[in-house]
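First comes the structure, then the notes that go with it.
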Amino acid sequence: MIVRHIDLICVGTLKEAYLREGIREYQKRLGTLCKLQIVELEEARLAKEPGEREILQALEREGEAILARLQPDAFKVALCIEGRTLSSEGLSELLATAEVAGKSRFQFVIGGSYGLSETVKRACDRRLSVSPMTFPHQLFRLMWIEQLYRALMIRTGSRYHK
């Protein structure tokens, strides 16, 4: 039974077949736990070595597209390096707490290679970081979907999370 709706709002498209295959696998697994929608937004085109101003302008353009997708009634999470880190159990608890507070729609936002605009971060209810390390944003998408699956499996008491 589907009890929640999860949107993964991402800047950029997946280019590598192995990443798309991994995403499809977790989408299939998540199908019994939630309704998952992946929204891919166009990444701003930049010069080979852009300046800080050009990067900020690109982040604002991408941010406008993200903000247009955010739902007022959703629990919105910006995934960014300066966010708070949580364990897998902590993520499961965060989702449970939001559900108890009446949230049934969750929106997780993954920026492009330069991250997210401050406007998007402020529009979200939480900022989360998986690690202080830097990951390619395309690989991170697969990593995050796996963590969502793990968090929901923890809630079911499954042995997936040992």
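Chain identifiers are assigned as A, B, and so on, following the order in which chains appear in the structure tokens; residues are numbered from 1 within each chain, and ligands are numbered from 1 in order of appearance.
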
Per residue of range 48-100 of chain A within 8 Å of range 105-111 of chain A, note the shortest atom pair and the distance in Å to one decimal, counting only C-alpha atoms, and order the rows by chain and increasing residue number, as CSV.
residue,atom,partner,partner_atom,distance
A:Ile66,CA,A:Val109,CA,7.9
A:Leu70,CA,A:Gln107,CA,7.3
A:Asp73,CA,A:Arg105,CA,7.4
A:Ala74,CA,A:Arg105,CA,4.8
A:Phe75,CA,A:Phe106,CA,4.8
A:Lys76,CA,A:Gln107,CA,4.7
A:Val77,CA,A:Phe108,CA,4.8
A:Ala78,CA,A:Val109,CA,5.0
A:Leu79,CA,A:Ile110,CA,5.6
A:Cys80,CA,A:Ile110,CA,7.6

Residues near Thr97 in chain A, cut-off 12 Å, only C-alpha atoms, skip fewer than 6 positions along chain, as a list of chain:residue names: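 Contacts, with the query itself left out: A:Phe75, A:Gly90, A:Leu91, A:Lys103, A:Ser104, A:Arg155.
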
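For Arg84 in chain A, the non-local neighbours within 9 Å, defined as residues at least 4 positions apart in the same chain or in other chains and counting only C-alpha atoms, are Cys80, Arg126, Arg127, Leu128, Ser129 and Val130 of chain A.
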
Residue list (helix (DSSP H, G or I), DSSP) for chain A, as a PyMOL selection string: chain A and resi 17-30+52-69+88-100+118-123+137-156

DSSP-assigned strand (DSSP E) members of chain A, reported as a PyMOL selection string: chain A and resi 5-11+35-41+75-85+105-110+126-129

Minimum-distance residue to Lys121 in chain A, chosen among A:Ile154, A:Glu146, A:Val100, A:Ile81 (using only C-alpha atoms):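 The shortest atom-to-atom distance to Lys121 in chain A comes from A:Ile81.
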
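Nearest to Arg45 in chain A of all the residues A:Tyr114, A:Gln27, A:Ser92, A:Leu67 is A:Tyr114, counting only C-alpha atoms.
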
Leu19 in chain A surroundings by only C-alpha atoms, 10 Å radius, close-in-sequence under 5 positions cut, as a PyMOL selection string: chain A and resi 14+24-25+138-143

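Residue nearest Cys124 in chain A, chosen from A:Arg4, A:Ala65, A:Gln71, A:Glu49 and counting only C-alpha atoms: A:Gln71.
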
Shell of 7 Å around Ser117 in chain A, only C-alpha atoms, local chain residues under 5 positions omitted, as a VMD selection string: chain A and resid 59 to 60 63

Nearest residue to Leu86 in chain A from the set A:Gln57, A:Leu33, A:Ala151, A:Gly102 (distances using only C-alpha atoms): A:Ala151

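The spacing separating CA of Gly31 in chain A from CA of Thr134 in chain A amounts to 29.1 Å.
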
Selected residue of minimal separation from Lys35 in chain A among A:Ala96, A:Ile6, A:Leu116, A:Arg69, counting only C-alpha atoms: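 Of A:Ala96, A:Ile6, A:Leu116, A:Arg69, the one nearest Lys35 in chain A, counting only C-alpha atoms, is A:Ile6.
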